[in-house]
$ cat coords_38.txt   # compact mmCIF, C-alpha atoms
# COMPACT_ATOMS: atom_id res chain seq x y z
CA MET Q 4 2.79 -3.98 17.62
CA ILE Q 5 0.12 -4.21 14.89
CA ARG Q 6 1.09 -1.79 12.09
CA VAL Q 7 -2.03 -0.72 10.18
CA ILE Q 8 -2.63 1.05 6.87
CA VAL Q 9 -6.07 2.68 6.68
CA ALA Q 10 -7.66 2.99 3.22
CA ASP Q 11 -10.89 5.02 3.05
CA ASP Q 12 -11.96 7.77 0.68
CA HIS Q 13 -13.26 10.07 3.44
CA MET Q 14 -10.58 12.02 5.30
CA LEU Q 15 -12.73 12.48 8.41
CA VAL Q 16 -13.32 8.73 8.59
CA ARG Q 17 -9.59 8.05 8.25
CA GLN Q 18 -8.78 10.56 10.96
CA GLY Q 19 -11.40 9.06 13.25
CA LEU Q 20 -10.08 5.56 12.67
CA ARG Q 21 -6.50 6.71 13.29
CA ARG Q 22 -7.42 8.30 16.63
CA LEU Q 23 -9.37 5.24 17.71
CA LEU Q 24 -6.67 2.76 16.73
CA GLU Q 25 -3.74 4.74 18.09
CA ASP Q 26 -5.42 5.06 21.49
CA ALA Q 27 -4.68 1.33 21.79
CA PRO Q 28 -1.15 0.64 23.06
CA ASP Q 29 -0.58 -2.31 20.70
CA ILE Q 30 -1.73 -0.65 17.44
CA GLU Q 31 0.03 1.89 15.23
CA VAL Q 32 -1.31 3.51 12.03
CA VAL Q 33 1.61 3.70 9.59
CA GLY Q 34 -0.19 5.06 6.53
CA GLU Q 35 -3.43 6.40 5.07
CA ALA Q 36 -4.86 6.14 1.55
CA GLY Q 37 -7.94 7.62 -0.10
CA THR Q 38 -7.95 5.63 -3.35
CA GLY Q 39 -7.11 2.18 -4.64
CA GLN Q 40 -4.04 3.53 -6.40
CA GLU Q 41 -2.74 5.20 -3.23
CA THR Q 42 -3.39 1.99 -1.32
CA MET Q 43 -1.27 -0.09 -3.69
CA LYS Q 44 1.59 2.43 -3.50
CA LEU Q 45 1.58 2.27 0.29
CA ILE Q 46 1.41 -1.52 0.34
CA ALA Q 47 4.45 -1.64 -1.93
CA THR Q 48 6.54 0.78 0.11
CA VAL Q 49 5.44 0.72 3.76
CA SER Q 50 5.98 -2.13 6.20
CA CYS Q 51 2.66 -3.07 7.78
CA SER Q 52 0.93 -6.05 9.37
CA LEU Q 53 -2.69 -5.23 8.41
CA LEU Q 54 -4.65 -3.32 5.78
CA LEU Q 55 -7.95 -1.82 6.92
CA LEU Q 56 -9.75 -1.43 3.58
CA ASP Q 57 -13.00 0.35 2.70
CA ILE Q 58 -14.95 -1.73 0.19
CA SER Q 59 -16.03 1.37 -1.74
CA LEU Q 60 -13.17 3.53 -3.05
CA PRO Q 61 -13.63 6.28 -5.67
CA ASP Q 62 -11.40 4.77 -8.33
CA ARG Q 63 -11.78 1.04 -7.74
CA ASN Q 64 -13.96 -1.48 -5.95
CA GLY Q 65 -12.35 -2.61 -2.72
CA LEU Q 66 -12.64 -6.27 -3.70
CA GLU Q 67 -10.52 -5.67 -6.80
CA VAL Q 68 -7.96 -3.80 -4.67
CA LEU Q 69 -8.00 -6.73 -2.27
CA LYS Q 70 -7.06 -9.13 -5.06
CA ASP Q 71 -4.19 -6.88 -6.17
CA VAL Q 72 -2.95 -6.58 -2.59
CA HIS Q 73 -2.84 -10.35 -2.29
CA ALA Q 74 -1.02 -10.65 -5.60
CA LEU Q 75 1.63 -8.25 -4.29
CA ARG Q 76 1.71 -9.37 -0.64
CA PRO Q 77 -0.03 -12.77 -0.38
CA HIS Q 78 0.29 -13.05 3.40
CA LEU Q 79 -0.88 -9.55 4.36
CA PRO Q 80 -4.22 -9.73 6.25
CA VAL Q 81 -6.94 -7.42 4.96
CA LEU Q 82 -9.87 -6.37 7.11
CA ILE Q 83 -12.76 -5.03 5.03
CA LEU Q 84 -14.71 -2.10 6.47
CA SER Q 85 -18.03 -1.30 4.82
CA VAL Q 86 -21.34 0.53 5.07
CA TYR Q 87 -22.98 -2.34 3.20
CA PRO Q 88 -24.75 -5.14 5.11
CA GLU Q 89 -22.69 -8.20 5.87
CA ASP Q 90 -25.15 -10.49 4.12
CA GLN Q 91 -24.59 -8.69 0.80
CA TYR Q 92 -20.82 -8.32 0.51
CA ALA Q 93 -19.10 -10.44 3.15
CA ILE Q 94 -19.18 -13.68 1.15
CA ARG Q 95 -17.49 -12.05 -1.83
CA ALA Q 96 -14.93 -10.44 0.47
CA PHE Q 97 -13.96 -13.76 2.03
CA ARG Q 98 -13.84 -15.45 -1.36
CA ALA Q 99 -11.43 -12.73 -2.48
CA GLY Q 100 -9.19 -13.45 0.50
CA ALA Q 101 -10.30 -11.03 3.23
CA ALA Q 102 -9.35 -11.89 6.78
CA GLY Q 103 -12.46 -10.20 8.14
CA TYR Q 104 -15.47 -8.06 7.31
CA LEU Q 105 -16.91 -5.40 9.60
CA MET Q 106 -19.68 -2.83 9.27
CA LYS Q 107 -18.71 0.80 9.81
CA ALA Q 108 -21.59 1.05 12.26
CA ALA Q 109 -19.85 -1.45 14.56
CA ALA Q 110 -18.87 -0.39 18.07
CA ALA Q 111 -15.32 0.75 18.77
CA HIS Q 112 -14.52 -2.35 20.82
CA GLU Q 113 -15.62 -4.56 17.90
CA LEU Q 114 -13.26 -2.75 15.53
CA LEU Q 115 -10.35 -3.08 17.93
CA ASP Q 116 -11.12 -6.77 18.42
CA ALA Q 117 -11.28 -7.30 14.65
CA VAL Q 118 -8.00 -5.44 14.08
CA ARG Q 119 -6.22 -7.44 16.78
CA ARG Q 120 -7.50 -10.79 15.53
CA THR Q 121 -6.77 -10.22 11.87
CA GLY Q 122 -3.52 -8.40 12.58
CA GLN Q 123 -2.30 -11.46 14.48
CA GLY Q 124 -3.20 -13.85 11.68
CA SER Q 125 -6.68 -15.03 12.67
CA LYS Q 126 -10.01 -14.59 10.89
CA TYR Q 127 -12.69 -12.26 12.13
CA ILE Q 128 -16.18 -13.59 11.41
CA THR Q 129 -19.27 -12.09 13.02
CA PRO Q 130 -22.30 -14.28 13.83
CA VAL Q 131 -24.16 -12.72 10.86
CA VAL Q 132 -21.32 -13.61 8.49
CA ALA Q 133 -21.03 -17.12 9.92
CA GLU Q 134 -24.75 -17.66 9.29
CA LYS Q 135 -24.46 -16.26 5.77
CA LEU Q 136 -21.50 -18.52 5.00
CA ALA Q 137 -23.55 -21.52 6.08
CA GLU Q 138 -26.52 -20.36 3.98
CA ASN Q 139 -24.29 -19.76 0.97
CA PHE Q 140 -22.86 -23.26 1.21
CA GLN Q 141 -26.36 -24.74 1.44
CA ASN Q 142 -27.64 -22.56 -1.42
CA ARG Q 143 -24.81 -23.68 -3.68
CA ARG Q 144 -25.75 -27.28 -3.00
CA SER Q 145 -29.47 -26.67 -3.59
CA ASP Q 146 -29.10 -24.14 -6.42
CA THR Q 147 -31.19 -21.47 -4.65
CA GLN Q 148 -28.87 -18.48 -4.95
CA LEU Q 149 -30.25 -14.98 -5.30
CA PRO Q 150 -29.85 -13.48 -8.80
CA HIS Q 151 -26.91 -11.21 -7.91
CA GLU Q 152 -25.09 -14.05 -6.15
CA GLN Q 153 -24.70 -15.80 -9.51
CA LEU Q 154 -22.51 -12.98 -10.86
CA SER Q 155 -18.74 -13.08 -11.06
CA ASP Q 156 -16.84 -10.46 -9.04
CA ARG Q 157 -16.21 -8.40 -12.19
CA GLU Q 158 -19.88 -8.59 -13.19
CA PHE Q 159 -20.86 -7.61 -9.68
CA GLU Q 160 -18.50 -4.61 -9.84
CA VAL Q 161 -20.09 -3.48 -13.10
CA LEU Q 162 -23.56 -3.98 -11.62
CA GLU Q 163 -22.63 -1.83 -8.64
CA ARG Q 164 -21.44 1.04 -10.85
CA ILE Q 165 -24.46 0.85 -13.17
CA ALA Q 166 -26.71 0.96 -10.10
CA LYS Q 167 -24.92 4.10 -8.92
CA GLY Q 168 -25.74 5.79 -12.21
CA PHE Q 169 -22.37 5.64 -13.96
CA SER Q 170 -22.44 5.59 -17.76
CA VAL Q 171 -20.79 2.89 -19.86
CA ALA Q 172 -18.05 5.38 -20.77
CA GLU Q 173 -17.41 6.25 -17.11
CA ILE Q 174 -17.28 2.60 -16.05
CA SER Q 175 -15.00 1.86 -18.99
CA LYS Q 176 -12.55 4.57 -17.94
CA THR Q 177 -12.59 3.60 -14.25
CA LEU Q 178 -12.08 -0.11 -14.82
CA GLY Q 179 -9.67 0.24 -17.72
CA LEU Q 180 -11.88 -1.77 -20.07
CA SER Q 181 -13.33 -0.89 -23.46
CA PRO Q 182 -16.92 0.43 -23.69
CA LYS Q 183 -17.78 -2.64 -25.79
CA THR Q 184 -16.57 -4.92 -22.98
CA ILE Q 185 -18.63 -3.03 -20.40
CA SER Q 186 -21.70 -3.28 -22.64
CA THR Q 187 -21.09 -7.02 -22.93
CA TYR Q 188 -20.88 -7.30 -19.14
CA ARG Q 189 -24.12 -5.31 -18.83
CA SER Q 190 -25.94 -7.65 -21.23
CA ARG Q 191 -24.61 -10.70 -19.43
CA ILE Q 192 -25.68 -9.29 -16.04
CA LEU Q 193 -29.21 -8.57 -17.24
CA GLN Q 194 -29.49 -12.04 -18.75
CA LYS Q 195 -28.22 -13.84 -15.64
CA MET Q 196 -30.50 -11.84 -13.35
CA GLY Q 197 -33.55 -12.01 -15.59
CA LEU Q 198 -33.85 -8.22 -15.88
CA LYS Q 199 -34.79 -6.17 -18.94
CA ASN Q 200 -32.84 -2.93 -18.59
CA SER Q 201 -30.63 -0.75 -16.40
CA ALA Q 202 -33.65 0.80 -14.67
CA GLU Q 203 -34.76 -2.62 -13.39
CA LEU Q 204 -31.16 -3.37 -12.39
CA MET Q 205 -30.94 -0.13 -10.38
CA HIS Q 206 -34.25 -0.89 -8.67
CA TYR Q 207 -33.05 -4.39 -7.79
CA ALA Q 208 -29.76 -3.05 -6.40
CA PHE Q 209 -31.48 -0.57 -4.11
CA GLU Q 210 -34.15 -3.06 -3.03
CA ASN Q 211 -31.43 -5.51 -2.01
CA GLN Q 212 -29.16 -2.87 -0.44
CA LEU Q 213 -26.32 -3.54 -2.88
CA VAL Q 214 -25.69 0.21 -3.09
CA SER Q 215 -26.36 3.03 -0.64
$ encode --input "coords_38.txt" --output "structure tokens"
Amino acid sequence: MIRVIVADDHMLVRQGLRRLLEDAPDIEVVGEAGTGQETMKLIATVSCSLLLLDISLPDRNGLEVLKDVHALRPHLPVLILSVYPEDQYAIRAFRAGAAGYLMKAAAAHELLDAVRRTGQGSKYITPVVAEKLAENFQNRRSDTQLPHEQLSDREFEVLERIAKGFSVAEISKTLGLSPKTISTYRSRILQKMGLKNSAELMHYAFENQLVS
């Protein structure tokens, strides 16, 4: 039996995922979480064989939660579920230790296949992700990465929140960093990406589907 914890900030989505997963005879949902903090509490207290994790939680970026999950339970597979295109976030997810990455728009049979594969210890890589992994490897060798691909995971997280319209103070509070540190990250992001201000950064993020 694959014991799954579902972490998503929308209750209706969690309920829909629970119904879909529990219709399968070999899958059981043993917990639900709506935030990164709730997710970590469940991981620490509930026995499970897979975490189904939304990449966009209200209090923390899913990739940061993923890293904390692996620090606490290094061998727990994590399947990332996201509204964002595979070619934008999948590489970062796999670098952070994800066992798989799946779009929320995927068909039900794809989700069940992904849950079974990752829950049994295998990787789940779609053809799009496989192609992107190959491109990323080639780009690293030829130094042709896109501007946002040069950012660290923390810089990318700050970029994402700036692009969503959060203020420095709001990002500071959410990430537990000082406003000065967030401002430093912002300056570093603009410099690395060759942008002048937050308005250009927001435009870039929407143009490249980094935020919805």
$ closest_residue --input "coords_38.txt" --among "Q:Asn211, Q:Ser155, Q:Ser85, Q:Ser52" --to "Arg120 (chain Q)" --atoms "all atoms listed in the file"
Q:Ser52
$ closest_atom_pairs --input "coords_38.txt" --of "region 62-170 of chain Q" --to "region 196-210 of chain Q" --cutoff "7 Å" --atoms "all atoms listed in the file" --output "JSON lines"
{"residue": "Q:Pro150", "atom": "CA", "partner": "Q:Met196", "partner_atom": "CA", "distance": 4.9}
{"residue": "Q:His151", "atom": "CA", "partner": "Q:Met196", "partner_atom": "CA", "distance": 6.5}
{"residue": "Q:Ala166", "atom": "CA", "partner": "Q:Met205", "partner_atom": "CA", "distance": 4.4}
$ atom_distance --input "coords_38.txt" --atom1 "CA of Leu115 (chain Q)" --atom2 "CA of Glu160 (chain Q)"
29.0 Å
$ residues_around --input "coords_38.txt" --residues "region 167-175 of chain Q" --least-positions-apart "3" --cutoff "12 Å" --atoms "only C-alpha atoms" --output "count of residues only"
37
$ closest_residue --input "coords_38.txt" --among "Q:Asp156, Q:Asp29, Q:Glu89, Q:Asp71" --to "Val118 (chain Q)" --atoms "all atoms listed in the file"
Q:Asp29
$ atom_distance --input "coords_38.txt" --atom1 "CA of Tyr104 (chain Q)" --atom2 "CA of Ile46 (chain Q)"
19.4 Å
$ residues_around --input "coords_38.txt" --residues "His13 (chain Q)" --least-positions-apart "2" --cutoff "12 Å" --atoms "all atoms listed in the file" --output "VMD selection string"
chain Q and resid 9 to 11 15 to 20 35 to 38 57 59 to 61
$ closest_residue --input "coords_38.txt" --among "Q:Arg119, Q:Lys176, Q:Arg22, Q:Lys195" --to "Pro80 (chain Q)" --atoms "only C-alpha atoms"
Q:Arg119
$ build_atoms --input "coords_38.txt" --residues "region 30-57 of chain Q" --atoms "N, CA and C atoms" --output "PDB file, in the coordinates of the input"
ATOM      1  N   ILE Q  30      -1.388  -0.918  18.837  1.00  0.00           N
ATOM      2  CA  ILE Q  30      -1.730  -0.650  17.440  1.00  0.00           C
ATOM      3  C   ILE Q  30      -1.123   0.677  16.994  1.00  0.00           C
ATOM      4  N   GLU Q  31      -0.549   0.673  15.796  1.00  0.00           N
ATOM      5  CA  GLU Q  31       0.030   1.890  15.230  1.00  0.00           C
ATOM      6  C   GLU Q  31      -0.439   2.040  13.778  1.00  0.00           C
ATOM      7  N   VAL Q  32      -0.930   3.223  13.418  1.00  0.00           N
ATOM      8  CA  VAL Q  32      -1.310   3.510  12.030  1.00  0.00           C
ATOM      9  C   VAL Q  32      -0.071   4.050  11.314  1.00  0.00           C
ATOM     10  N   VAL Q  33       0.363   3.345  10.278  1.00  0.00           N
ATOM     11  CA  VAL Q  33       1.610   3.700   9.590  1.00  0.00           C
ATOM     12  C   VAL Q  33       1.366   4.321   8.210  1.00  0.00           C
ATOM     13  N   GLY Q  34       0.098   4.452   7.827  1.00  0.00           N
ATOM     14  CA  GLY Q  34      -0.190   5.060   6.530  1.00  0.00           C
ATOM     15  C   GLY Q  34      -1.671   5.208   6.291  1.00  0.00           C
ATOM     16  N   GLU Q  35      -2.034   6.183   5.447  1.00  0.00           N
ATOM     17  CA  GLU Q  35      -3.430   6.400   5.070  1.00  0.00           C
ATOM     18  C   GLU Q  35      -3.527   6.533   3.552  1.00  0.00           C
ATOM     19  N   ALA Q  36      -4.613   6.042   2.991  1.00  0.00           N
ATOM     20  CA  ALA Q  36      -4.860   6.140   1.550  1.00  0.00           C
ATOM     21  C   ALA Q  36      -6.319   6.469   1.308  1.00  0.00           C
ATOM     22  N   GLY Q  37      -6.569   7.243   0.226  1.00  0.00           N
ATOM     23  CA  GLY Q  37      -7.940   7.620  -0.100  1.00  0.00           C
ATOM     24  C   GLY Q  37      -8.451   6.989  -1.373  1.00  0.00           C
ATOM     25  N   THR Q  38      -7.567   6.285  -2.107  1.00  0.00           N
ATOM     26  CA  THR Q  38      -7.950   5.630  -3.350  1.00  0.00           C
ATOM     27  C   THR Q  38      -7.291   4.254  -3.444  1.00  0.00           C
ATOM     28  N   GLY Q  39      -7.740   3.469  -4.415  1.00  0.00           N
ATOM     29  CA  GLY Q  39      -7.110   2.180  -4.640  1.00  0.00           C
ATOM     30  C   GLY Q  39      -5.669   2.328  -5.068  1.00  0.00           C
ATOM     31  N   GLN Q  40      -5.396   3.301  -5.918  1.00  0.00           N
ATOM     32  CA  GLN Q  40      -4.040   3.530  -6.400  1.00  0.00           C
ATOM     33  C   GLN Q  40      -3.106   3.908  -5.263  1.00  0.00           C
ATOM     34  N   GLU Q  41      -3.556   4.807  -4.382  1.00  0.00           N
ATOM     35  CA  GLU Q  41      -2.740   5.200  -3.230  1.00  0.00           C
ATOM     36  C   GLU Q  41      -2.511   4.011  -2.312  1.00  0.00           C
ATOM     37  N   THR Q  42      -3.516   3.176  -2.169  1.00  0.00           N
ATOM     38  CA  THR Q  42      -3.390   1.990  -1.320  1.00  0.00           C
ATOM     39  C   THR Q  42      -2.298   1.067  -1.825  1.00  0.00           C
ATOM     40  N   MET Q  43      -2.275   0.810  -3.117  1.00  0.00           N
ATOM     41  CA  MET Q  43      -1.270  -0.090  -3.690  1.00  0.00           C
ATOM     42  C   MET Q  43       0.131   0.485  -3.549  1.00  0.00           C
ATOM     43  N   LYS Q  44       0.273   1.800  -3.679  1.00  0.00           N
ATOM     44  CA  LYS Q  44       1.590   2.430  -3.500  1.00  0.00           C
ATOM     45  C   LYS Q  44       2.085   2.253  -2.073  1.00  0.00           C
ATOM     46  N   LEU Q  45       1.191   2.435  -1.110  1.00  0.00           N
ATOM     47  CA  LEU Q  45       1.580   2.270   0.290  1.00  0.00           C
ATOM     48  C   LEU Q  45       1.957   0.824   0.595  1.00  0.00           C
ATOM     49  N   ILE Q  46       1.148  -0.109   0.095  1.00  0.00           N
ATOM     50  CA  ILE Q  46       1.410  -1.520   0.340  1.00  0.00           C
ATOM     51  C   ILE Q  46       2.787  -1.912  -0.204  1.00  0.00           C
ATOM     52  N   ALA Q  47       3.175  -1.304  -1.302  1.00  0.00           N
ATOM     53  CA  ALA Q  47       4.450  -1.640  -1.930  1.00  0.00           C
ATOM     54  C   ALA Q  47       5.647  -1.011  -1.227  1.00  0.00           C
ATOM     55  N   THR Q  48       5.409   0.042  -0.449  1.00  0.00           N
ATOM     56  CA  THR Q  48       6.540   0.780   0.110  1.00  0.00           C
ATOM     57  C   THR Q  48       6.603   0.843   1.639  1.00  0.00           C
ATOM     58  N   VAL Q  49       5.491   0.576   2.303  1.00  0.00           N
ATOM     59  CA  VAL Q  49       5.440   0.720   3.760  1.00  0.00           C
ATOM     60  C   VAL Q  49       5.283  -0.645   4.436  1.00  0.00           C
ATOM     61  N   SER Q  50       6.077  -0.881   5.441  1.00  0.00           N
ATOM     62  CA  SER Q  50       5.980  -2.130   6.200  1.00  0.00           C
ATOM     63  C   SER Q  50       4.748  -2.079   7.108  1.00  0.00           C
ATOM     64  N   CYS Q  51       3.866  -3.050   6.949  1.00  0.00           N
ATOM     65  CA  CYS Q  51       2.660  -3.070   7.780  1.00  0.00           C
ATOM     66  C   CYS Q  51       2.257  -4.515   8.047  1.00  0.00           C
ATOM     67  N   SER Q  52       1.391  -4.702   9.032  1.00  0.00           N
ATOM     68  CA  SER Q  52       0.930  -6.050   9.370  1.00  0.00           C
ATOM     69  C   SER Q  52      -0.556  -6.223   9.120  1.00  0.00           C
ATOM     70  N   LEU Q  53      -1.256  -5.133   8.684  1.00  0.00           N
ATOM     71  CA  LEU Q  53      -2.690  -5.230   8.410  1.00  0.00           C
ATOM     72  C   LEU Q  53      -3.126  -4.071   7.527  1.00  0.00           C
ATOM     73  N   LEU Q  54      -4.002  -4.369   6.579  1.00  0.00           N
ATOM     74  CA  LEU Q  54      -4.650  -3.320   5.780  1.00  0.00           C
ATOM     75  C   LEU Q  54      -6.110  -3.251   6.178  1.00  0.00           C
ATOM     76  N   LEU Q  55      -6.542  -2.072   6.623  1.00  0.00           N
ATOM     77  CA  LEU Q  55      -7.950  -1.820   6.920  1.00  0.00           C
ATOM     78  C   LEU Q  55      -8.526  -1.134   5.693  1.00  0.00           C
ATOM     79  N   LEU Q  56      -9.363  -1.851   4.926  1.00  0.00           N
ATOM     80  CA  LEU Q  56      -9.750  -1.430   3.580  1.00  0.00           C
ATOM     81  C   LEU Q  56     -11.247  -1.192   3.442  1.00  0.00           C
ATOM     82  N   ASP Q  57     -11.609   0.034   3.024  1.00  0.00           N
ATOM     83  CA  ASP Q  57     -13.000   0.350   2.700  1.00  0.00           C
ATOM     84  C   ASP Q  57     -13.373  -0.382   1.415  1.00  0.00           C
TER      85      ASP Q  57
END
